[in-house]
Amino acid sequence: MNKLKMTASEAFVETLVAEGVETVFGIVGSAYMEALDLFPDAGIRFVSVAHEQAACHAADALARVTGKPQVCIAQNGPGAANFVSAMTAAYWAHSPVVVVAPETGSMGIGTGGFQELDQMAMFETQSVYQVRVNRPERMAELTRRCFYMAKNENGPTHLNIPRDYFFGDCTDEIYATPFISRGIGSRESLRQAAKLLTDAEYPVILAGGGVSQGNALEGTRALAEYLSAPVVNSYLHNDTFPSGHPLSVGPIGYCGSKSAMRTIAKADVILALGCRLGPFGKLPQYDMDYWPKDAKVIQVDVNHRVLGLSMRVDVASCADAREYAGELLEAIKEIKPDLQPNAERLAEVEKENRIWAEEIKQWSSSTNKLMHPRRFLRELTGAIPEGSIVTTDIGNNSSMINSYLKFNGIRQHIAALSWGNCGFAYGAAMGAKIGRPDAAVFAFQGDGAYGMSGLSEIMTAVRENIPVIAIVANNSEWGAEKKNQVDFYDNRYVGTNLPGNPDYAKLAEIMGARGYKVEDYNDVQDIVREAVASGKPCVINAIVQGGKEVLAEPFRRDALRKPVHYLPKYAHLDVVSPSSPGLAAYN
Ligand SMILES: Cc1ncc(C[n+]2csc(CCOP(=O)(O)OP(=O)(O)O)c2C)c(N)n1
Ligand SMILES: [Mg+2]
């Protein structure tokens, strides 16, 4: 035991140092200045952003690319409130972020003082653990607890610190939290899984985000190869299995791979590894209701709360994906020691992939002068260097890219996932780039989403020299929502047009970044390569076609319905042209 006398702020900062924290994202505030003042000498880089939401997205992405808990901090009240949305994104991404929120001084809590808000209540539903420091002497202990719990439960934790508790003395020992693993879960469940998979006619592995975040790729590959089981990426996790592997069929879910959907449709046993089997990842797509309802499902996840949550599963294990995959292969080999590769299945996978590649190529071959978004996506993804990290936003183009983005390593596809918030990509890309300065990092988003966050955060990237490459698919509309109006509201565009977008390339230049405007698909690849080579923050303003001719099918077709009104004033709105594609389901 090595207890030392220190101040509460020293205890806080030294605990971050012990946890290996090198970067903290946030915006300066008087509430935590006593701690902030120590950052430079502690070796912690403070990245000062334009809006706290980006700080929390950056911490989330840094955690996702490094596998270690990361930190953001803000002024109490309005600063902390700006974390709420991004923290929820991290919550659903199972990303370990320690959100530090100072609050009103302890003598003023509840009196309606300056910048006061019940932060414990505000962050309750999107944290896996919350604690209010109730004495300065407990600063190290409770800060450490937030790291423990972020790792334990793979999610954001909330450290709430009355601002006066950054002052005061304590005598304490500083130490790091150990490595934590859930192990393989119950042996009996593992044996059942091995039996199901060895008896299967057509086993398929659904590789979830846990394969990436749990470093389980090698084990997954070995399992897939031994079983000759095709591997499907779960929705928005294109990096959980190498796209170049002969058993890879790509992602299921919105705008995913038809090859993946046709393949999983054939499964009689599915091993969902590191996967919460979220409802949106299984919705019918391209008019294919592909989820095999009779298949037996084995679900493995580190988070026991998601086991069996959204569907009936046959075997459930609360386990670490990497350790589980290794043990499962051993158990399978005990039952079937000399399983030979299934050449027929491999050939089928090859054929499905070929058919899908041909189809997507056809969809992406437009030579229109105004760039077709799919042509743009084809050229863009053709120029993204191997090993790059791509953060993806929410929108029609951000979804269309799902069928083009290919990775061969984990921790490369950083998506907004099920929080589904526009404005995710740029902040996340900054965090990813800090974690992986060696990799090219792209932030992909539409023009609407870019206006929400990227546009102002360029200032951060320039100031802090974080050379991310923003790609703005600029169609002058909130395209994803417009598509609902095309299909269900007879092309009445209320609130979805974005006329008069500025030239984001020129704006980027004014703000100190590099800007490229691209209008011809023939130029896309050269521009992307130039941006990568520049080593500077770049913005590529890609002018692409929008509107009903090119927008991909709507995401929430399942949740919309044909308009029916009763007041005469609105009756004319019920007339929807029969050709409206979204109405097909109701005819
Ligand atoms: C914070 C937030 N606000 C609103 C929405 C609803 N929404 C979903 S997609 C979308 C349109 C995105 O437009 P844009 O970024 O231009 O991309 P596009 O669809 O045109 O490719 C909107 C507004 C959302 N998901 N998140
Ligand atoms: Mg748009």
# chains A, B, ... in the order shown; residues from 1 in each chain; ligands from 1
>>> residues_around(residues="segment 348-351 of chain A", least_positions_apart="4", cutoff="12 Å", atoms="only C-alpha atoms", output="MDAnalysis selection string")
chainID A and resid 202 204 228:232 244:250 258:264 266 342:344 355:358
>>> closest_atom_pairs(of="chain A", to="ligand 2", cutoff="9 Å", atoms="only C-alpha atoms and all ligand atoms", output="JSON lines")
{"residue": "A:Gly395", "atom": "CA", "partner": "ligand 2", "partner_atom_place_in_ligand_line": "1 (Mg)", "distance": 7.2}
{"residue": "A:Asn396", "atom": "CA", "partner": "ligand 2", "partner_atom_place_in_ligand_line": "1 (Mg)", "distance": 7.4}
{"residue": "A:Asn397", "atom": "CA", "partner": "ligand 2", "partner_atom_place_in_ligand_line": "1 (Mg)", "distance": 7.5}
{"residue": "A:Gln445", "atom": "CA", "partner": "ligand 2", "partner_atom_place_in_ligand_line": "1 (Mg)", "distance": 8.2}
{"residue": "A:Gly446", "atom": "CA", "partner": "ligand 2", "partner_atom_place_in_ligand_line": "1 (Mg)", "distance": 4.5}
{"residue": "A:Asp447", "atom": "CA", "partner": "ligand 2", "partner_atom_place_in_ligand_line": "1 (Mg)", "distance": 4.6}
{"residue": "A:Gly448", "atom": "CA", "partner": "ligand 2", "partner_atom_place_in_ligand_line": "1 (Mg)", "distance": 5.1}
{"residue": "A:Ala449", "atom": "CA", "partner": "ligand 2", "partner_atom_place_in_ligand_line": "1 (Mg)", "distance": 7.5}
{"residue": "A:Tyr450", "atom": "CA", "partner": "ligand 2", "partner_atom_place_in_ligand_line": "1 (Mg)", "distance": 8.8}
{"residue": "A:Val472", "atom": "CA", "partner": "ligand 2", "partner_atom_place_in_ligand_line": "1 (Mg)", "distance": 8.5}
{"residue": "A:Ala473", "atom": "CA", "partner": "ligand 2", "partner_atom_place_in_ligand_line": "1 (Mg)", "distance": 6.6}
{"residue": "A:Asn474", "atom": "CA", "partner": "ligand 2", "partner_atom_place_in_ligand_line": "1 (Mg)", "distance": 5.5}
{"residue": "A:Asn475", "atom": "CA", "partner": "ligand 2", "partner_atom_place_in_ligand_line": "1 (Mg)", "distance": 4.7}
{"residue": "A:Ser476", "atom": "CA", "partner": "ligand 2", "partner_atom_place_in_ligand_line": "1 (Mg)", "distance": 5.4}
{"residue": "A:Glu477", "atom": "CA", "partner": "ligand 2", "partner_atom_place_in_ligand_line": "1 (Mg)", "distance": 4.2}
{"residue": "A:Trp478", "atom": "CA", "partner": "ligand 2", "partner_atom_place_in_ligand_line": "1 (Mg)", "distance": 4.4}
{"residue": "A:Gly479", "atom": "CA", "partner": "ligand 2", "partner_atom_place_in_ligand_line": "1 (Mg)", "distance": 4.8}
{"residue": "A:Ala480", "atom": "CA", "partner": "ligand 2", "partner_atom_place_in_ligand_line": "1 (Mg)", "distance": 7.5}
{"residue": "A:Thr496", "atom": "CA", "partner": "ligand 2", "partner_atom_place_in_ligand_line": "1 (Mg)", "distance": 8.8}
{"residue": "A:Asn497", "atom": "CA", "partner": "ligand 2", "partner_atom_place_in_ligand_line": "1 (Mg)", "distance": 8.6}
{"residue": "A:Leu498", "atom": "CA", "partner": "ligand 2", "partner_atom_place_in_ligand_line": "1 (Mg)", "distance": 7.8}
{"residue": "A:Gly546", "atom": "CA", "partner": "ligand 2", "partner_atom_place_in_ligand_line": "1 (Mg)", "distance": 7.5}
>>> write_last_selection(atoms="N, CA and C atoms", output="short mmCIF file (atom, residue, chain, number, x, y, z; two decimals), in the first residue's frame")
data_model
loop_
_atom_site.label_atom_id
_atom_site.label_comp_id
_atom_site.auth_asym_id
_atom_site.auth_seq_id
_atom_site.Cartn_x
_atom_site.Cartn_y
_atom_site.Cartn_z
N GLY A 395 -28.50 8.47 -42.52
CA GLY A 395 -29.09 9.14 -43.67
C GLY A 395 -29.17 8.14 -44.81
N ASN A 396 -29.70 8.59 -45.91
CA ASN A 396 -29.88 7.67 -47.04
C ASN A 396 -28.55 7.27 -47.64
N ASN A 397 -27.66 8.24 -47.87
CA ASN A 397 -26.34 7.89 -48.42
C ASN A 397 -25.51 7.11 -47.40
N GLN A 445 -20.91 11.27 -44.27
CA GLN A 445 -22.21 11.78 -43.87
C GLN A 445 -22.89 12.51 -45.02
N GLY A 446 -24.18 12.75 -44.84
CA GLY A 446 -24.93 13.56 -45.80
C GLY A 446 -24.77 15.04 -45.47
N ASP A 447 -25.33 15.88 -46.33
CA ASP A 447 -25.19 17.33 -46.12
C ASP A 447 -25.95 17.79 -44.88
N GLY A 448 -27.12 17.20 -44.64
CA GLY A 448 -27.88 17.60 -43.46
C GLY A 448 -27.12 17.28 -42.18
N ALA A 449 -26.66 16.06 -42.08
CA ALA A 449 -25.93 15.64 -40.88
C ALA A 449 -24.64 16.44 -40.72
N TYR A 450 -24.00 16.76 -41.84
CA TYR A 450 -22.75 17.52 -41.77
C TYR A 450 -22.99 18.90 -41.14
N VAL A 472 -18.80 14.56 -47.65
CA VAL A 472 -20.18 15.03 -47.56
C VAL A 472 -20.91 14.63 -48.84
N ALA A 473 -21.84 13.71 -48.70
CA ALA A 473 -22.68 13.33 -49.85
C ALA A 473 -23.77 14.38 -49.92
N ASN A 474 -23.55 15.36 -50.79
CA ASN A 474 -24.36 16.57 -50.79
C ASN A 474 -25.47 16.49 -51.84
N ASN A 475 -26.66 16.15 -51.38
CA ASN A 475 -27.80 16.05 -52.31
C ASN A 475 -28.84 17.14 -52.06
N SER A 476 -28.47 18.14 -51.25
CA SER A 476 -29.35 19.27 -50.94
C SER A 476 -30.71 18.85 -50.39
N GLU A 477 -30.67 17.83 -49.57
CA GLU A 477 -31.94 17.41 -48.95
C GLU A 477 -31.66 16.50 -47.75
N TRP A 478 -32.64 16.43 -46.89
CA TRP A 478 -32.64 15.41 -45.84
C TRP A 478 -33.21 14.16 -46.52
N GLY A 479 -32.34 13.50 -47.26
CA GLY A 479 -32.81 12.50 -48.21
C GLY A 479 -33.55 11.33 -47.59
N ALA A 480 -33.04 10.83 -46.48
CA ALA A 480 -33.67 9.65 -45.88
C ALA A 480 -35.11 9.93 -45.52
N THR A 496 -37.96 18.88 -45.99
CA THR A 496 -36.88 17.97 -46.38
C THR A 496 -35.93 18.54 -47.43
N ASN A 497 -36.29 19.67 -48.04
CA ASN A 497 -35.35 20.25 -49.02
C ASN A 497 -34.34 21.15 -48.31
N LEU A 498 -33.12 21.11 -48.78
CA LEU A 498 -32.08 21.97 -48.22
C LEU A 498 -31.48 22.83 -49.34
N GLY A 546 -30.07 13.69 -55.80
CA GLY A 546 -30.99 13.29 -54.74
C GLY A 546 -32.34 13.00 -55.34
#
>>> closest_atom_pairs(of="segment 145-242 of chain A", to="segment 89-93 of chain A", cutoff="10 Å", atoms="only C-alpha atoms", output="JSON lines")
{"residue": "A:Asn154", "atom": "CA", "partner": "A:Tyr91", "partner_atom": "CA", "distance": 8.2}
{"residue": "A:Gly155", "atom": "CA", "partner": "A:Tyr91", "partner_atom": "CA", "distance": 5.2}
{"residue": "A:Pro156", "atom": "CA", "partner": "A:Tyr91", "partner_atom": "CA", "distance": 5.8}
{"residue": "A:Thr157", "atom": "CA", "partner": "A:Tyr91", "partner_atom": "CA", "distance": 9.1}
{"residue": "A:Gly209", "atom": "CA", "partner": "A:Ala93", "partner_atom": "CA", "distance": 8.2}
{"residue": "A:Gly210", "atom": "CA", "partner": "A:Ala93", "partner_atom": "CA", "distance": 9.8}
{"residue": "A:Gln213", "atom": "CA", "partner": "A:Ala93", "partner_atom": "CA", "distance": 9.9}
>>> closest_atom_pairs(of="segment 369-449 of chain A", to="segment 21-45 of chain A", cutoff="12 Å", atoms="only C-alpha atoms", output="CSV")
residue,atom,partner,partner_atom,distance
A:Gly427,CA,A:Phe25,CA,10.2
A:Ala428,CA,A:Phe25,CA,11.4
A:Met430,CA,A:Phe25,CA,10.2
A:Gly431,CA,A:Phe25,CA,8.7
A:Ala432,CA,A:Thr23,CA,11.8
A:Lys433,CA,A:Thr23,CA,12.0
A:Ile434,CA,A:Thr23,CA,8.4
A:Gly435,CA,A:Thr23,CA,9.3
>>> write_last_selection(atoms="N, CA and C atoms", output="short mmCIF file (atom, residue, chain, number, x, y, z; two decimals), in the first residue's frame")
data_model
loop_
_atom_site.label_atom_id
_atom_site.label_comp_id
_atom_site.auth_asym_id
_atom_site.auth_seq_id
_atom_site.Cartn_x
_atom_site.Cartn_y
_atom_site.Cartn_z
N GLY A 427 -17.39 13.89 -35.22
CA GLY A 427 -16.81 13.80 -33.87
C GLY A 427 -16.15 12.45 -33.66
N ALA A 428 -16.85 11.40 -34.10
CA ALA A 428 -16.31 10.05 -33.96
C ALA A 428 -15.00 9.90 -34.73
N MET A 430 -12.80 12.11 -35.34
CA MET A 430 -11.68 12.76 -34.64
C MET A 430 -11.13 11.85 -33.55
N GLY A 431 -12.01 11.20 -32.81
CA GLY A 431 -11.56 10.28 -31.77
C GLY A 431 -10.80 9.10 -32.37
N ALA A 432 -11.34 8.58 -33.47
CA ALA A 432 -10.71 7.41 -34.12
C ALA A 432 -9.31 7.78 -34.62
N LYS A 433 -9.18 8.98 -35.16
CA LYS A 433 -7.88 9.38 -35.72
C LYS A 433 -6.84 9.55 -34.60
N ILE A 434 -7.28 10.06 -33.47
CA ILE A 434 -6.34 10.20 -32.34
C ILE A 434 -5.88 8.82 -31.88
N GLY A 435 -6.78 7.85 -31.92
CA GLY A 435 -6.40 6.49 -31.50
C GLY A 435 -5.57 5.76 -32.53
#
>>> residues_around(residues="Tyr489 of chain A", least_positions_apart="2", cutoff="8 Å", atoms="only C-alpha atoms", output="PyMOL selection string")
chain A and resi 484-487+491-492+563+573+576
>>> closest_residue(among="A:Arg529, A:His94, A:Arg187, A:His413", to="Gly382 of chain A", atoms="only C-alpha atoms")
A:Arg529
>>> select_by_dssp(residues="segment 188-418 of chain A", states="alpha helix (DSSP H)", output="JSON, numbers by chain")
{"A": [188, 189, 190, 191, 192, 193, 194, 195, 196, 197, 198, 199, 209, 210, 211, 212, 213, 217, 218, 219, 220, 221, 222, 223, 224, 225, 226, 227, 258, 259, 260, 261, 262, 263, 264, 265, 321, 322, 323, 324, 325, 326, 327, 328, 329, 330, 331, 332, 333, 334, 335, 343, 344, 345, 346, 347, 348, 349, 350, 351, 352, 353, 354, 355, 356, 357, 358, 359, 360, 361, 362, 363, 373, 374, 375, 376, 377, 378, 379, 380, 381, 382, 383, 396, 397, 398, 399, 400]}
>>> closest_residue(among="A:Ser234, A:Thr66, A:Gln75, A:Thr88", to="Asn402 of chain A", atoms="only C-alpha atoms")
A:Ser234
>>> residues_around(residues="Pro162 of chain A", least_positions_apart="4", cutoff="8 Å", atoms="only C-alpha atoms", output="MDAnalysis selection string")
chainID A and resid 102:106 132:134 166
>>> closest_residue(among="A:Asp314, A:Tyr324, A:Ser85, A:Val128", to="ligand 1", atoms="only C-alpha atoms and all ligand atoms")
A:Ser85
>>> closest_residue(among="A:Thr460, A:Asn501, A:Ser243, A:Ser534", to="Tyr404 of chain A", atoms="only C-alpha atoms")
A:Ser243
